[in-house]
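Report on one structure; see the data block that follows.
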Amino acid sequence: MDDYDVPSDSDLLRADQEEGSRQRRLRVSLFWRTFILLSALLITTILAWLLSFRALEFEPRTLHTAQQIATMVNLSRVGLMHTDPISRVSLLKALSEQEGMRIQPHEPADTFELLNDSPLGIQLTQEIRKRLGEETLVARSVNGTPGLWVSFRLGDDYTWLLMDSSRLTPVEGRTVVFWLIIAMLLSLAGAALITRLLNKPIRELSQATFRLRDGDFGNSQLDEEVATSEIRALNIGFNRMAEQLAKVEQDRAVMLAGISHDLRTPLARLRLETEMSVTDEIAREHMVADIVQLDAIIDKFMDYARPVSTKRTGVNLHNLVANCVYSVQEHGEMDIHVQIPQDLFVYADEVELARVITNLLENARRYGKTPGTNVCRVDIYATSFSNGKYVLVKLRDHGPGVPEEDLGNLLKPFFRGDSARTSAAGAGLGLSIVDKTISRMGGRFALTNANSGGLVAHIRLDQAPKEEQGNAVQRLQRPKVKRNASPSTRY
């Protein structure tokens with residue numbers, strides 16, 4: 001396979017891959033960008049509120065817990081000191097069953113673990129000692145039994161009071177976490193709704209801009225009755241601009257149609273008079289050729305100025321190229337090799353795409369003849385890439401190519417390279433028409449020089465989806481010429 005047959009060597013494909021890579025890295029819609037920023041702001045605010053609540057609630061909660069524990073210890077001490085042994089047994093049983101409290105002697109052999117060094121443990125121990133005395137111990141386990149243990153003096157001895165450790169439940173309990181999740185979900189839903197409302201007019205403006213770019217002026221109007229004054233002013237300005245562009249486009253079409261009609265009528269008379277009145281045969285032929293060239297230039301101007309159809313359907317690329325090749329065979333100067341799968345479909349306007357292929361073949365016939373011969377060899381290759389998303393078409397001649405400094409200008413209207421100026425009979429609009437037509441069909445067009453000589457035209461089009469392939473309408477008659485069964489065909 002030649003160097004031009006490898007899609008990865010194409011400047012167009014390489015640029016497309018680089019663009020796709022950039023889009024994968026950077027493509028974040030305005031909706032998601034706004035939503036992420038709003039969500040981050042709301043979540044940060046909720047977390048800051050939670051931390052502030054914990055900081056403000058910490059000291060009152062500690063004081064309340066210490067006061068409650070001290071009260072229970074004092075009540076237990078008073079109850080034990082002023083009851084007889086029989087009543088004391090009933091009191092201890094009631095405290096255990098109703099309050100979950102247990103009282104036991106503090107033995108010298110007891111092993112205990114004090115509350116941890118957390119801010120809550122330190123603050124709580126200090127507040128309890130202020131109320132019960134500095135000799136008071138606050139432990140989280142005694143002899144391996146976990147709980148909230150407080151050692152207090154009862155007469156000459158010390159006694160342990162065991163309470164439920166739930167009294168030390170931190171602020172971030174299940175209830176707080178539950179409501180925190182609910183608040184975040186509501187905040188995210190609100191952020192999504194606000195973002196959607198903010199981005200709706202921008203999305204509508206973007207869609208209208210694309211329709212306007214494609215020449216669909218009738219469906220490019222925006223709502224001028226929206227409630228927001230800034231959006232209303234923007235929509236009104238855009239609608240007036242679209243109306244002015246539609247009027248300019250209509251005036252241009254009318255003007256060009258009038259110019260074409262007014263020029264062709266005297267040209268037809270001039271050609272008739274020349275053929276009838278000029279006796280010199282050579283002079284007559286030259287004059288008629290000039291008139292024909294003027295008529296062809298008018299056709300090019302009309303092709304460039306007329307609006308391009310944007311109606312796309314599934315098109316069988318192999319059949320379409322075969323018809324285009326068949327139509328140029330009559331020149332006898334073309335040696336065309338086609339390598340296109342017969343089941344390859346593109347999503348394009350069939351008539352406009354046929355015009356593009358014919359235009360490129362005509363350009364190759366005029367300027368792409370193999371040096372030293374009067375024959376133009378053209379190779380046409382097509383393949384699918386990006387997992388069937390796009391189709392890349394290459395049309396290459398084996399002529400002298402184009403100077404590198406002129407490649408960037410070939411798609412500009414009325415530009416012709418120095419090698420083409422002496423032999424060209426056109427107005428320098430052919431490649432500009434091709435570029436404009438391909439762009440209107442959602443594709444891309446580029447020109448490069450082949451490494452081994454010749455000019456290569458690259459066309460990237462969308463591949464037709466499956467449903468379009470099934471409904472593809474073949475409006476071009478299949479050429480009645482003998483072809484090989486293989487996808488590679490020579491005409």
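Lettering and numbering for the structure tokens are positional, with chains as A, B, ... in the shown order, residues counted from 1 in each chain, and ligands counted from 1 in the shown order.
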
Hey, what's within 10 Å of range 87-102 of chain A if we count only C-alpha atoms and toss same-chain stuff fewer than 4 positions away? As a PDB file with N, CA and C atoms, in the first residue's frame, please?
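part.pdb, written as the output of this step:
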ATOM      1  N   MET A  72     -26.404  13.075  89.044  1.00  0.00           N
ATOM      2  CA  MET A  72     -26.683  11.667  89.293  1.00  0.00           C
ATOM      3  C   MET A  72     -25.762  11.110  90.376  1.00  0.00           C
ATOM      4  N   SER A  76     -27.084   9.747  93.911  1.00  0.00           N
ATOM      5  CA  SER A  76     -26.744   8.386  94.334  1.00  0.00           C
ATOM      6  C   SER A  76     -26.048   8.399  95.689  1.00  0.00           C
ATOM      7  N   GLY A  79     -28.595   9.172  98.387  1.00  0.00           N
ATOM      8  CA  GLY A  79     -29.486   8.032  98.580  1.00  0.00           C
ATOM      9  C   GLY A  79     -28.819   6.912  99.332  1.00  0.00           C
ATOM     10  N   LEU A  80     -27.564   6.638  99.037  1.00  0.00           N
ATOM     11  CA  LEU A  80     -26.856   5.555  99.709  1.00  0.00           C
ATOM     12  C   LEU A  80     -26.528   5.907 101.157  1.00  0.00           C
ATOM     13  N   MET A  81     -26.237   7.187 101.409  1.00  0.00           N
ATOM     14  CA  MET A  81     -25.862   7.599 102.760  1.00  0.00           C
ATOM     15  C   MET A  81     -27.068   7.641 103.702  1.00  0.00           C
ATOM     16  N   HIS A  82     -28.251   7.892 103.246  1.00  0.00           N
ATOM     17  CA  HIS A  82     -29.392   8.116 104.118  1.00  0.00           C
ATOM     18  C   HIS A  82     -30.427   6.996 104.019  1.00  0.00           C
ATOM     19  N   THR A  83     -30.008   5.862 103.584  1.00  0.00           N
ATOM     20  CA  THR A  83     -30.926   4.715 103.571  1.00  0.00           C
ATOM     21  C   THR A  83     -30.339   3.586 104.396  1.00  0.00           C
ATOM     22  N   LEU A 148     -19.341   4.388  81.119  1.00  0.00           N
ATOM     23  CA  LEU A 148     -18.936   5.663  81.705  1.00  0.00           C
ATOM     24  C   LEU A 148     -18.876   5.475  83.211  1.00  0.00           C
ATOM     25  N   TRP A 149     -17.621   5.370  83.737  1.00  0.00           N
ATOM     26  CA  TRP A 149     -17.397   5.104  85.156  1.00  0.00           C
ATOM     27  C   TRP A 149     -16.953   6.385  85.841  1.00  0.00           C
ATOM     28  N   TRP A 160     -17.521   3.183  92.752  1.00  0.00           N
ATOM     29  CA  TRP A 160     -17.679   3.350  91.297  1.00  0.00           C
ATOM     30  C   TRP A 160     -19.159   3.448  90.953  1.00  0.00           C
ATOM     31  N   LEU A 161     -19.478   4.424  90.076  1.00  0.00           N
ATOM     32  CA  LEU A 161     -20.826   4.528  89.524  1.00  0.00           C
ATOM     33  C   LEU A 161     -20.736   4.318  88.018  1.00  0.00           C
ATOM     34  N   LEU A 162     -21.413   3.270  87.523  1.00  0.00           N
ATOM     35  CA  LEU A 162     -21.398   2.955  86.106  1.00  0.00           C
ATOM     36  C   LEU A 162     -22.669   3.484  85.450  1.00  0.00           C
ATOM     37  N   MET A 163     -22.469   4.274  84.399  1.00  0.00           N
ATOM     38  CA  MET A 163     -23.603   4.823  83.639  1.00  0.00           C
ATOM     39  C   MET A 163     -23.474   4.406  82.171  1.00  0.00           C
ATOM     40  N   ASP A 164     -24.582   4.569  81.468  1.00  0.00           N
ATOM     41  CA  ASP A 164     -24.612   4.217  80.034  1.00  0.00           C
ATOM     42  C   ASP A 164     -23.691   5.171  79.271  1.00  0.00           C
TER      43      ASP A 164
END

Skipping near chain neighbours, those fewer than 6 positions away, what residues fall within 10 Å of Val321 in chain A using only C-alpha atoms, listed as a VMD selection string?
chain A and resid 327 338 340 353 to 354 357 to 358 380 476 478

Could you turn the residues from that selection into a file that holds N, CA and C atoms, as a CSV table (one decimal), in the first residue's frame?
chain,number,residue,atom,x,y,z
A,327,SER,N,-19.0,9.2,-15.3
A,327,SER,CA,-19.3,10.4,-16.0
A,327,SER,C,-18.1,11.2,-16.6
A,338,VAL,N,-10.1,2.8,-8.0
A,338,VAL,CA,-11.0,3.0,-6.9
A,338,VAL,C,-10.9,1.9,-5.9
A,340,ILE,N,-12.9,1.2,-2.6
A,340,ILE,CA,-13.9,1.6,-1.6
A,340,ILE,C,-14.8,0.4,-1.3
A,353,LEU,N,-22.6,15.7,-2.7
A,353,LEU,CA,-21.3,14.9,-2.6
A,353,LEU,C,-20.9,14.5,-4.0
A,354,ALA,N,-21.8,14.1,-4.9
A,354,ALA,CA,-21.4,13.8,-6.3
A,354,ALA,C,-20.8,15.0,-7.0
A,357,ILE,N,-17.1,15.2,-5.7
A,357,ILE,CA,-16.2,14.2,-6.3
A,357,ILE,C,-15.9,14.6,-7.8
A,358,THR,N,-17.0,15.0,-8.5
A,358,THR,CA,-16.8,15.4,-9.9
A,358,THR,C,-15.9,16.6,-10.0
A,380,ILE,N,-8.5,6.6,-5.7
A,380,ILE,CA,-9.6,7.0,-4.7
A,380,ILE,C,-9.6,5.9,-3.7
A,476,LEU,N,-28.5,7.8,-8.1
A,476,LEU,CA,-27.6,7.8,-9.2
A,476,LEU,C,-27.7,6.4,-9.9
A,478,ARG,N,-26.6,3.2,-11.5
A,478,ARG,CA,-25.3,2.5,-11.4
A,478,ARG,C,-24.7,2.3,-12.8

Need the shell around Asn363 in chain A: protein/DNA/RNA residues with any atom at most 10 Å away, counting only C-alpha atoms. Skip same-chain ones fewer than 5 positions apart. Format as a ChimeraX atom specification?
/A:357-358,368,397,424,430-431

Just to confirm, what's the straight-line distance from CA of Val325 in chain A to CA of Asn387 in chain A in Å (one decimal)?
28.6 Å

Might you pull out every residue within 6 Å of range 27-40 of chain A, with only C-alpha atoms counted and same-chain residues fewer than 5 positions away left off, and present them as a compact mmCIF listing (two decimals) with N, CA and C atoms, in the first residue's frame?
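Ended up saving to part-v7.txt:
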# COMPACT_ATOMS: atom_id res chain seq x y z
N LEU A 188 -28.03 19.70 45.86
CA LEU A 188 -27.63 19.29 44.51
C LEU A 188 -28.79 19.39 43.53
N ALA A 191 -29.23 22.98 42.78
CA ALA A 191 -28.15 23.45 41.89
C ALA A 191 -28.40 23.01 40.46
N ALA A 192 -28.88 21.75 40.27
CA ALA A 192 -29.17 21.28 38.91
C ALA A 192 -30.30 22.09 38.28
N THR A 195 -29.00 25.62 37.48
CA THR A 195 -28.08 25.56 36.35
C THR A 195 -28.83 25.36 35.04

Just the strand (DSSP E) stuff from range 53-293 of chain A, please, per backbone DSSP, written as a VMD selection string.
chain A and resid 102 to 105 112 to 114 137 to 142 145 to 154 157 to 163

Leu361 in chain A surroundings by only C-alpha atoms, 12 Å radius, close-in-sequence under 3 positions cut, as number ranges by chain:
A: 321, 324-329, 331, 333-337, 354-358, 364-369, 376-380, 394-397, 430-431, 434, 455-457

I need the helix (DSSP H, G or I) residues of range 205-365 of chain A per DSSP on the backbone, written as a ChimeraX atom specification.
/A:205-213,229-277,281-305,317-331,350-365

Output C-alpha atoms of each residue in that selection to a file, as a compact mmCIF listing (two decimals), in the first residue's frame.
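Generated file (out_12.txt):
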# COMPACT_ATOMS: atom_id res chain seq x y z
CA LEU A 205 -28.86 30.53 21.32
CA SER A 206 -26.20 27.95 20.45
CA GLN A 207 -28.70 25.82 18.52
CA ALA A 208 -30.04 28.85 16.67
CA THR A 209 -26.48 29.86 15.79
CA PHE A 210 -25.80 26.45 14.23
CA ARG A 211 -29.04 26.65 12.24
CA LEU A 212 -28.09 30.12 11.10
CA ARG A 213 -24.65 28.88 10.06
CA SER A 229 -34.67 41.44 30.39
CA GLU A 230 -31.04 40.68 29.43
CA ILE A 231 -31.98 37.45 27.62
CA ARG A 232 -34.91 39.20 25.94
CA ALA A 233 -32.61 41.94 24.62
CA LEU A 234 -30.11 39.33 23.43
CA ASN A 235 -32.82 37.33 21.61
CA ILE A 236 -34.22 40.44 19.97
CA GLY A 237 -30.75 41.46 18.75
CA PHE A 238 -30.05 37.96 17.43
CA ASN A 239 -33.40 37.80 15.60
CA ARG A 240 -32.78 41.16 13.93
CA MET A 241 -29.32 39.99 12.87
CA ALA A 242 -30.79 36.77 11.44
CA GLU A 243 -33.40 38.76 9.53
CA GLN A 244 -30.74 41.02 8.07
CA LEU A 245 -28.59 38.05 7.05
CA ALA A 246 -31.60 36.37 5.45
CA LYS A 247 -32.34 39.54 3.51
CA VAL A 248 -28.71 39.83 2.42
CA GLU A 249 -28.71 36.18 1.32
CA GLN A 250 -31.95 36.66 -0.60
CA ASP A 251 -30.70 39.85 -2.25
CA ARG A 252 -27.48 38.12 -3.22
CA ALA A 253 -29.31 35.21 -4.80
CA VAL A 254 -31.59 37.54 -6.73
CA MET A 255 -28.66 39.69 -7.83
CA LEU A 256 -26.59 36.72 -8.99
CA ALA A 257 -29.53 35.21 -10.81
CA GLY A 258 -30.09 38.52 -12.58
CA ILE A 259 -26.40 38.89 -13.44
CA SER A 260 -26.29 35.32 -14.76
CA HIS A 261 -29.35 35.91 -16.94
CA ASP A 262 -28.21 39.32 -18.17
CA LEU A 263 -24.72 38.05 -19.05
CA ARG A 264 -25.70 34.79 -20.68
CA THR A 265 -28.17 36.37 -23.09
CA PRO A 266 -25.59 38.64 -24.80
CA LEU A 267 -23.00 35.86 -24.60
CA ALA A 268 -25.34 33.53 -26.48
CA ARG A 269 -25.93 36.21 -29.13
CA LEU A 270 -22.21 36.94 -29.32
CA ARG A 271 -21.38 33.27 -29.84
CA LEU A 272 -24.01 32.93 -32.56
CA GLU A 273 -22.79 36.05 -34.34
CA THR A 274 -19.17 34.92 -34.04
CA GLU A 275 -19.88 31.52 -35.56
CA MET A 276 -21.80 33.08 -38.40
CA SER A 277 -19.80 36.20 -39.21
CA GLU A 281 -11.70 29.47 -38.71
CA ILE A 282 -8.86 29.70 -36.19
CA ALA A 283 -10.00 33.09 -34.93
CA ARG A 284 -13.58 31.85 -34.75
CA GLU A 285 -12.57 28.83 -32.67
CA HIS A 286 -10.59 31.00 -30.24
CA MET A 287 -13.45 33.45 -29.86
CA VAL A 288 -15.97 30.67 -29.26
CA ALA A 289 -13.62 29.06 -26.69
CA ASP A 290 -13.38 32.39 -24.85
CA ILE A 291 -17.16 32.70 -24.79
CA VAL A 292 -17.50 29.15 -23.50
CA GLN A 293 -14.94 29.94 -20.80
CA LEU A 294 -16.91 33.01 -19.74
CA ASP A 295 -20.05 30.92 -19.52
CA ALA A 296 -18.22 28.32 -17.41
CA ILE A 297 -16.94 31.06 -15.10
CA ILE A 298 -20.50 32.29 -14.61
CA ASP A 299 -21.50 28.73 -13.66
CA LYS A 300 -18.72 28.62 -11.07
CA PHE A 301 -19.83 31.92 -9.58
CA MET A 302 -23.37 30.60 -9.30
CA ASP A 303 -22.20 27.34 -7.70
CA TYR A 304 -20.14 29.22 -5.15
CA ALA A 305 -22.85 31.72 -4.28
CA LEU A 317 -20.13 5.79 -1.27
CA HIS A 318 -18.97 3.06 -3.66
CA ASN A 319 -21.93 3.53 -6.01
CA LEU A 320 -21.73 7.31 -5.90
CA VAL A 321 -18.02 7.38 -6.75
CA ALA A 322 -18.59 4.81 -9.51
CA ASN A 323 -21.17 7.08 -11.12
CA CYS A 324 -18.89 10.10 -10.88
CA VAL A 325 -16.01 8.17 -12.41
CA TYR A 326 -18.27 6.90 -15.19
CA SER A 327 -19.32 10.45 -16.05
CA VAL A 328 -15.72 11.64 -16.64
CA GLN A 329 -14.57 8.66 -18.67
CA GLU A 330 -15.55 10.40 -21.86
CA HIS A 331 -12.53 12.70 -21.61
CA GLU A 350 -26.06 12.68 -2.36
CA VAL A 351 -26.25 15.33 -5.10
CA GLU A 352 -23.83 17.70 -3.38
CA LEU A 353 -21.33 14.91 -2.63
CA ALA A 354 -21.45 13.82 -6.28
CA ARG A 355 -20.72 17.41 -7.25
CA VAL A 356 -17.73 17.42 -4.89
CA ILE A 357 -16.22 14.20 -6.30
CA THR A 358 -16.77 15.39 -9.89
CA ASN A 359 -15.18 18.73 -9.11
CA LEU A 360 -12.10 17.05 -7.61
CA LEU A 361 -11.78 14.69 -10.58
CA GLU A 362 -12.03 17.63 -12.98
CA ASN A 363 -9.39 19.51 -10.99
CA ALA A 364 -7.10 16.46 -11.16
CA ARG A 365 -7.71 16.11 -14.92

Atomic separation - CA of Thr437 in chain A relative to CA of Ala348 in chain A, Å:
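Separation between CA of Ala348 in chain A and CA of Thr437 in chain A: 10.2 Å.
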
Set the distance at 12 Å and use only C-alpha atoms: which residues neighbour range 128-131 of chain A once local chain neighbours fewer than 3 positions away are removed? I'd like the list as a list in words.
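Surrounding residues, per the criterion: Thr62, Leu63, His64, Thr65, Ala66, Gln67, Gln68, Ile69, Ala70, Thr71, Met72, Val73, Asn74, Gly121, Ile122, Gln123, Leu124, Thr125, Glu134, Glu135, Thr136, Leu137, Val138, Ala139, Trp149, Val150, Ser151 and Phe152 of chain A.
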
Just how far from CA of Tyr347 in chain A is CA of Gly443 in chain A, in Å to one decimal?
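Those two atoms sit 9.6 Å apart.
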
Contacts of range 401-415 of chain A within 7 Å, only C-alpha atoms, excl. fewer than 4 positions in-chain, as a ChimeraX atom specification
/A:427-429,431-432,435,447,449,453-455

Those selected residues, please, written with N, CA and C atoms and delivered as a JSON list (two decimals), in the first residue's frame.
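Heads up, here's the output in part-v4.json:
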[["chain", "number", "residue", "atom", "x", "y", "z"],
["A", 427, "ALA", "N", -12.09, 30.14, -12.62],
["A", 427, "ALA", "CA", -11.97, 31.38, -11.84],
["A", 427, "ALA", "C", -11.32, 31.13, -10.49],
["A", 428, "GLY", "N", -10.82, 29.95, -10.23],
["A", 428, "GLY", "CA", -10.21, 29.65, -8.94],
["A", 428, "GLY", "C", -11.22, 29.43, -7.84],
["A", 429, "LEU", "N", -12.41, 28.91, -8.20],
["A", 429, "LEU", "CA", -13.45, 28.69, -7.22],
["A", 429, "LEU", "C", -13.76, 27.22, -6.96],
["A", 431, "LEU", "N", -12.08, 24.49, -5.76],
["A", 431, "LEU", "CA", -11.75, 23.92, -4.45],
["A", 431, "LEU", "C", -12.45, 24.66, -3.32],
["A", 432, "SER", "N", -12.71, 25.95, -3.51],
["A", 432, "SER", "CA", -13.48, 26.70, -2.51],
["A", 432, "SER", "C", -14.91, 26.17, -2.43],
["A", 435, "ASP", "N", -14.76, 22.88, -0.49],
["A", 435, "ASP", "CA", -14.59, 23.10, 0.95],
["A", 435, "ASP", "C", -15.89, 23.59, 1.58],
["A", 447, "LEU", "N", -6.10, 19.58, 1.95],
["A", 447, "LEU", "CA", -5.23, 19.20, 0.83],
["A", 447, "LEU", "C", -3.81, 19.05, 1.34],
["A", 449, "ASN", "N", 0.31, 17.38, 0.00],
["A", 449, "ASN", "CA", 1.14, 16.77, -1.03],
["A", 449, "ASN", "C", 1.53, 15.37, -0.58],
["A", 453, "GLY", "N", 4.87, 12.37, -4.53],
["A", 453, "GLY", "CA", 4.44, 13.26, -5.59],
["A", 453, "GLY", "C", 2.95, 13.21, -5.80],
["A", 454, "GLY", "N", 2.39, 14.35, -6.16],
["A", 454, "GLY", "CA", 0.96, 14.43, -6.40],
["A", 454, "GLY", "C", 0.22, 15.11, -5.26],
["A", 455, "LEU", "N", -0.99, 15.55, -5.57],
["A", 455, "LEU", "CA", -1.83, 16.24, -4.59],
["A", 455, "LEU", "C", -2.87, 15.26, -4.05]]

For Met441 in chain A, the nearest of the candidates A:Val346, A:Val393, A:Ala109, A:Ile181, counting only C-alpha atoms:
A:Val346
